[in-house]
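Step one of this worksheet: look at the structure below.
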Amino acid sequence: MASFSVEEFIGNGILKGLLQKLLEEGWDDVPTLKIMSSEEMDLLHMTQQQKDALGIRSYLHDRSLMQYADKMEDCGKNLAELINLSTTDLSTQFEMKRGHIARFVNRRISEDSFKLHALAARRKSSTMMHRDDSIPKSFGSNSSNSLTRSHIRSNAASDALERSMAEMKIKEGYVFKGIVAAEPAEPRACGCVNPPPISDQVAPYGAIENISVQKLTPEYKIGMDPLVKTKAPPLKASELWREKPAVFLCLRRPGCIMCRAEAHQLYSRKAIFDALGVQLFAVLHEHIESEVKDFWPRYWGGVVVLDRGRDFFKALGGGKLNKEKFLSGFLLNPRALSNYKRSKAMHIEYNFKGEGEIKGGLFVVGMAKSGIAYQFIERNFGDWAPLAEVIEICSQMQNQQEGQRMSVQY
């Protein structure tokens with residue numbers, strides 16, 4: 001799995017000399033670097049070789065093939081030329097394995113729709129794009145969900161944004177699972193084992209407002225120390241979303257293959273959430289320092305917080321922890337096994353350290369006291385909150401805030 005460490009992404013080649021300039025200009029995390037446009041490369045006075053190197057590394061990062069980045073960067077070919085090489089050439093020139101060749105030449109793996117969305121939202125000019133959509137009533141426990149930052153986009157980016165939104169937009173006729181979402185349960189052991197029940201009620205805002213959390217890592221930036229050196233004091237969770245809305249990804253274990261895969265998929269869209277003014281937090285319920293160090297920033301470059309009282313996890317369970325044994329919850333659960341195979345295909349390292357029976361989920365929390373806009377419950381081990389659905393919720397939160405701002409102005 002490709003790391004979110006900028007130093008590992010840049011490597012020791014032609015891009016290394018740009019590190020300081022990238023830091024000064026705000027290109028200080030991998031998801032943002034990967035959406036850099038050719039115009040923005042020109043503003044940084046990047047040479048054609050540097051542009052080609054960034055394109056190659058972004059493409060390889062999407063496919064978890066960064067082990068070939070240095071050799072491909074040094075060969076003097078651009079990305080298009082590399083993709084068009086024969087299987088024999090890829091094998092002989094770069095010692096690429098056959099399974100890796102299949103991933104390398106498969107252009108459909110690309111995350112271009114997400115990159116276009118983030119790129120268009122990042123562009124700045126005097127043109128404001130605004131839509132009148134509002135959050136459906138079932139999306140929030142409080143109708144005043146809000147964001148603190150508006151979108152400013154250039155005319156040149158408008159077409160790209162519309163194409164991107166068409167790719168990502170929830171299809172017409174899509175039925176939202178409501179504010180409380182979960183994957184369906186399936187019969188286990190020929191119906192002999194019943195899945196545990198889950199709460200179908202949104203957690204009350206009071207259940208999460210006063211949770212005591214402790215920051216274990218900062219948001220990753222270039223050159224940052226691997227972990228918080230001094231022990232951070234506890235703080236109320238509501239301080240984290242006081243000025244900006246936030247997504248909280250509650251993980252069973254940072255060493256779990258399915259948790260790592262979900263975290264990586266969510267954080268890879270960081271540039272989109274940045275454009276929407278939404279923060280990203282990973283929540284752990286136990287602190288094993290070696291596990292945090294292995295998890296951050298390789299699989300998650302955002303802030304990691306410790307919920308020692310497991311109160312976020314209790315809120316997902318309607319006041320009690322969602323727990324399930326390995327035998328019934330995994331070995332006898334077809335959906336959990338399918339989730340494992342999906343994560344295994346992403347070539348992620350994993351371990352079995354720590355408590356792994358407490359299920360997690362995801363919260364989207366509005367700014368200040370706006371309330372919980374969305375929550376997803378991990379019914380089966382390895383269930384992921386649908387990314388398109390989470391992004392759509394955050395987009396509509398932003399649209400509502402823009403609408404409120406416009407109405408105040410006029």
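Chain labels A, B, ... are given in the sequence in which chains occur in the structure tokens; within each chain residues are numbered consecutively from 1, and ligands are likewise numbered from 1 in the order shown.
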
*Shell around Gly382 of chain A at 9 Å using only C-alpha atoms, local window under 5 positions removed, as a PyMOL selection string*: chain A and resi 257-259+261-262+335-340+343+359

Could the residues in this selection be saved with N, CA and C atoms as a PDB file, in the first residue's frame?
```pdb
ATOM      1  N   ILE A 257      -6.199  -5.053   8.683  1.00  0.00           N
ATOM      2  CA  ILE A 257      -6.067  -4.840   7.245  1.00  0.00           C
ATOM      3  C   ILE A 257      -7.262  -4.077   6.680  1.00  0.00           C
ATOM      4  N   MET A 258      -8.473  -4.377   7.180  1.00  0.00           N
ATOM      5  CA  MET A 258      -9.668  -3.717   6.657  1.00  0.00           C
ATOM      6  C   MET A 258      -9.761  -2.283   7.165  1.00  0.00           C
ATOM      7  N   CYS A 259      -9.314  -2.039   8.391  1.00  0.00           N
ATOM      8  CA  CYS A 259      -9.301  -0.677   8.928  1.00  0.00           C
ATOM      9  C   CYS A 259      -8.280   0.179   8.189  1.00  0.00           C
ATOM     10  N   ALA A 261      -7.234  -0.264   5.146  1.00  0.00           N
ATOM     11  CA  ALA A 261      -7.716  -0.032   3.790  1.00  0.00           C
ATOM     12  C   ALA A 261      -8.763   1.081   3.760  1.00  0.00           C
ATOM     13  N   GLU A 262      -9.697   1.049   4.716  1.00  0.00           N
ATOM     14  CA  GLU A 262     -10.729   2.088   4.762  1.00  0.00           C
ATOM     15  C   GLU A 262     -10.109   3.449   5.024  1.00  0.00           C
ATOM     16  N   ARG A 335     -20.142 -11.745   4.334  1.00  0.00           N
ATOM     17  CA  ARG A 335     -19.872 -10.358   3.974  1.00  0.00           C
ATOM     18  C   ARG A 335     -18.536  -9.892   4.563  1.00  0.00           C
ATOM     19  N   ALA A 336     -18.237 -10.284   5.779  1.00  0.00           N
ATOM     20  CA  ALA A 336     -16.953  -9.917   6.383  1.00  0.00           C
ATOM     21  C   ALA A 336     -15.791 -10.547   5.615  1.00  0.00           C
ATOM     22  N   LEU A 337     -15.961 -11.787   5.184  1.00  0.00           N
ATOM     23  CA  LEU A 337     -14.919 -12.437   4.392  1.00  0.00           C
ATOM     24  C   LEU A 337     -14.725 -11.735   3.057  1.00  0.00           C
ATOM     25  N   SER A 338     -15.815 -11.270   2.460  1.00  0.00           N
ATOM     26  CA  SER A 338     -15.721 -10.505   1.221  1.00  0.00           C
ATOM     27  C   SER A 338     -14.995  -9.183   1.449  1.00  0.00           C
ATOM     28  N   ASN A 339     -15.277  -8.544   2.579  1.00  0.00           N
ATOM     29  CA  ASN A 339     -14.581  -7.301   2.917  1.00  0.00           C
ATOM     30  C   ASN A 339     -13.079  -7.537   3.079  1.00  0.00           C
ATOM     31  N   TYR A 340     -12.736  -8.670   3.670  1.00  0.00           N
ATOM     32  CA  TYR A 340     -11.324  -8.999   3.847  1.00  0.00           C
ATOM     33  C   TYR A 340     -10.635  -9.192   2.492  1.00  0.00           C
ATOM     34  N   SER A 343      -9.889  -5.886   0.848  1.00  0.00           N
ATOM     35  CA  SER A 343      -8.732  -5.210   1.426  1.00  0.00           C
ATOM     36  C   SER A 343      -7.432  -5.933   1.089  1.00  0.00           C
ATOM     37  N   LYS A 359     -16.542  -2.920  17.173  1.00  0.00           N
ATOM     38  CA  LYS A 359     -16.758  -2.409  15.823  1.00  0.00           C
ATOM     39  C   LYS A 359     -16.783  -0.885  15.806  1.00  0.00           C
TER      40      LYS A 359
END
```

*Excluding same-chain residues fewer than 5 positions from Asp307 of chain A, what lies within 7 Å of it counting only C-alpha atoms, as a PyMOL selection string?*
chain A and resi 212-214+283-285

Please dump the current selection as a PDB file, in the first residue's frame; keep N, CA and C atoms.
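The new file result-v3.pdb reads:
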```pdb
ATOM      1  N   SER A 212     -14.172  13.017  26.030  1.00  0.00           N
ATOM      2  CA  SER A 212     -12.787  13.414  26.273  1.00  0.00           C
ATOM      3  C   SER A 212     -11.869  12.649  25.319  1.00  0.00           C
ATOM      4  N   VAL A 213     -11.112  13.392  24.519  1.00  0.00           N
ATOM      5  CA  VAL A 213     -10.189  12.769  23.568  1.00  0.00           C
ATOM      6  C   VAL A 213      -8.797  13.354  23.766  1.00  0.00           C
ATOM      7  N   GLN A 214      -7.821  12.650  23.238  1.00  0.00           N
ATOM      8  CA  GLN A 214      -6.432  13.087  23.329  1.00  0.00           C
ATOM      9  C   GLN A 214      -5.786  12.945  21.962  1.00  0.00           C
ATOM     10  N   VAL A 283     -10.219   7.913  14.901  1.00  0.00           N
ATOM     11  CA  VAL A 283     -10.451   7.729  16.336  1.00  0.00           C
ATOM     12  C   VAL A 283     -10.068   6.296  16.724  1.00  0.00           C
ATOM     13  N   LEU A 284      -9.201   6.176  17.722  1.00  0.00           N
ATOM     14  CA  LEU A 284      -8.808   4.869  18.252  1.00  0.00           C
ATOM     15  C   LEU A 284      -9.353   4.723  19.666  1.00  0.00           C
ATOM     16  N   HIS A 285      -9.617   3.488  20.072  1.00  0.00           N
ATOM     17  CA  HIS A 285     -10.133   3.268  21.428  1.00  0.00           C
ATOM     18  C   HIS A 285      -9.082   2.687  22.358  1.00  0.00           C
TER      19      HIS A 285
END
```

*Please, which residues of segment 312-341 of chain A, numbered as in this document, come out alpha helix (DSSP H) from DSSP, as a PyMOL selection string?*
chain A and resi 312-316+326+334-341

Store the residues picked out above in a file with N, CA and C atoms, as a PDB file, in the first residue's frame.
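Now in part-v9.pdb:
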```pdb
ATOM      1  N   PHE A 312     -17.186   7.404  21.584  1.00  0.00           N
ATOM      2  CA  PHE A 312     -17.615   7.475  20.186  1.00  0.00           C
ATOM      3  C   PHE A 312     -18.170   6.120  19.747  1.00  0.00           C
ATOM      4  N   PHE A 313     -17.508   5.066  20.169  1.00  0.00           N
ATOM      5  CA  PHE A 313     -17.912   3.711  19.787  1.00  0.00           C
ATOM      6  C   PHE A 313     -19.230   3.329  20.472  1.00  0.00           C
ATOM      7  N   LYS A 314     -19.404   3.783  21.699  1.00  0.00           N
ATOM      8  CA  LYS A 314     -20.676   3.540  22.389  1.00  0.00           C
ATOM      9  C   LYS A 314     -21.809   4.308  21.712  1.00  0.00           C
ATOM     10  N   ALA A 315     -21.515   5.522  21.261  1.00  0.00           N
ATOM     11  CA  ALA A 315     -22.537   6.310  20.570  1.00  0.00           C
ATOM     12  C   ALA A 315     -22.999   5.614  19.298  1.00  0.00           C
ATOM     13  N   LEU A 316     -22.069   4.964  18.600  1.00  0.00           N
ATOM     14  CA  LEU A 316     -22.440   4.210  17.398  1.00  0.00           C
ATOM     15  C   LEU A 316     -23.352   3.036  17.736  1.00  0.00           C
ATOM     16  N   PHE A 326     -14.672 -13.248  16.882  1.00  0.00           N
ATOM     17  CA  PHE A 326     -14.009 -13.500  15.597  1.00  0.00           C
ATOM     18  C   PHE A 326     -14.687 -14.641  14.831  1.00  0.00           C
ATOM     19  N   PRO A 334     -20.174 -14.295   5.576  1.00  0.00           N
ATOM     20  CA  PRO A 334     -19.745 -14.149   4.170  1.00  0.00           C
ATOM     21  C   PRO A 334     -19.398 -12.708   3.805  1.00  0.00           C
ATOM     22  N   ARG A 335     -20.142 -11.745   4.334  1.00  0.00           N
ATOM     23  CA  ARG A 335     -19.872 -10.358   3.974  1.00  0.00           C
ATOM     24  C   ARG A 335     -18.536  -9.892   4.563  1.00  0.00           C
ATOM     25  N   ALA A 336     -18.237 -10.284   5.779  1.00  0.00           N
ATOM     26  CA  ALA A 336     -16.953  -9.917   6.383  1.00  0.00           C
ATOM     27  C   ALA A 336     -15.791 -10.547   5.615  1.00  0.00           C
ATOM     28  N   LEU A 337     -15.961 -11.787   5.184  1.00  0.00           N
ATOM     29  CA  LEU A 337     -14.919 -12.437   4.392  1.00  0.00           C
ATOM     30  C   LEU A 337     -14.725 -11.735   3.057  1.00  0.00           C
ATOM     31  N   SER A 338     -15.815 -11.270   2.460  1.00  0.00           N
ATOM     32  CA  SER A 338     -15.721 -10.505   1.221  1.00  0.00           C
ATOM     33  C   SER A 338     -14.995  -9.183   1.449  1.00  0.00           C
ATOM     34  N   ASN A 339     -15.277  -8.544   2.579  1.00  0.00           N
ATOM     35  CA  ASN A 339     -14.581  -7.301   2.917  1.00  0.00           C
ATOM     36  C   ASN A 339     -13.079  -7.537   3.079  1.00  0.00           C
ATOM     37  N   TYR A 340     -12.736  -8.670   3.670  1.00  0.00           N
ATOM     38  CA  TYR A 340     -11.324  -8.999   3.847  1.00  0.00           C
ATOM     39  C   TYR A 340     -10.635  -9.192   2.492  1.00  0.00           C
ATOM     40  N   LYS A 341     -11.291  -9.891   1.585  1.00  0.00           N
ATOM     41  CA  LYS A 341     -10.699 -10.123   0.265  1.00  0.00           C
ATOM     42  C   LYS A 341     -10.509  -8.810  -0.482  1.00  0.00           C
TER      43      LYS A 341
END
```

*asked:* So, with only C-alpha atoms as the atoms that count, which of A:Asn12, A:Ser238, A:Thr217, A:Gln201 lies closest to Ile377 of chain A?
replied: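 Using only C-alpha atoms, Ile377 of chain A sits closest to A:Gln201.
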
*Which polymer residues have any atom within 10 Å of an atom of Ala2 of chain A, counting only C-alpha atoms, with same-chain residues fewer than 4 positions away left out, as a count of residues only?*
16

*State, in Å with one decimal place, the distance from atom CA of Leu85 of chain A to atom CA of Ala53 of chain A.*
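Separation between atom CA of Leu85 of chain A and atom CA of Ala53 of chain A: 17.0 Å.
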
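Those residues that approach Gly206 of chain A to within 12 Å, counting only C-alpha atoms, are Ser141, Val202, Asn210, Ile211, Lys236, Ala237, Ser238, Asp311, Phe312, Ala315, Gly319, Lys369, Ser370, Gly371 and Ile372 of chain A; same-chain residues fewer than 4 positions away are not listed.
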
I'd like a table as JSON lines: residues in segment 37-66 of chain A with an atom no more than 9 Å from segment 70-73 of chain A, each row giving the shortest atom pair and its distance in Å to one decimal, only C-alpha atoms counted, sorted by chain and rising residue number.
```
{"residue": "A:Gln49", "atom": "CA", "partner": "A:Glu73", "partner_atom": "CA", "distance": 8.6}
{"residue": "A:Asp52", "atom": "CA", "partner": "A:Glu73", "partner_atom": "CA", "distance": 7.8}
{"residue": "A:Ala53", "atom": "CA", "partner": "A:Glu73", "partner_atom": "CA", "distance": 5.5}
{"residue": "A:Leu54", "atom": "CA", "partner": "A:Glu73", "partner_atom": "CA", "distance": 8.9}
{"residue": "A:Ile56", "atom": "CA", "partner": "A:Glu73", "partner_atom": "CA", "distance": 7.1}
{"residue": "A:Arg57", "atom": "CA", "partner": "A:Glu73", "partner_atom": "CA", "distance": 8.1}
{"residue": "A:Met66", "atom": "CA", "partner": "A:Asp70", "partner_atom": "CA", "distance": 8.2}
```

*Between A:Ile391, A:Ala385, A:Leu23, A:Leu331, which is the closest to Phe273 of chain A once you count only C-alpha atoms?*
A:Ile391

*asked:* Nearest residue to Arg342 of chain A out of A:Leu19, A:Asp383, A:Met397, A:Lys97, using only C-alpha atoms?
replied: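 Closest residue, counting only C-alpha atoms: A:Asp383.
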
*Run DSSP on the backbone and give me the residues of segment 328-382 of chain A it puts in strand (DSSP E), as a PyMOL selection string.*
chain A and resi 361-365+372-377

Kindly save the residues from that selection, with C-alpha atoms included, as a CSV table (one decimal), in the first residue's frame.
```csv
chain,number,residue,atom,x,y,z
A,361,GLY,CA,-18.0,3.4,12.0
A,362,LEU,CA,-18.1,7.0,10.9
A,363,PHE,CA,-19.6,10.3,11.9
A,364,VAL,CA,-20.0,13.5,9.9
A,365,VAL,CA,-20.5,16.3,12.5
A,372,ILE,CA,-24.6,14.9,13.6
A,373,ALA,CA,-25.3,15.1,9.8
A,374,TYR,CA,-24.5,11.4,9.2
A,375,GLN,CA,-23.3,8.3,10.9
A,376,PHE,CA,-22.3,4.9,9.5
A,377,ILE,CA,-22.2,1.7,11.6
```

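The environment of Asn322 of chain A within 9 Å, counting only C-alpha atoms and disregarding residues fewer than 3 places along the same chain, consists of Pro196, Pro197, Ile198, Phe313, Lys314, Leu316, Gly317, Gly318, Glu357, Ile358, Lys359, Gly360, Glu378 and Arg379 of chain A.
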
*Give me, please, the distance in Å between atom CA of Pro218 of chain A and atom CA of Leu235 of chain A, quoted to one decimal.*
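Interatomic distance here is 14.4 Å.
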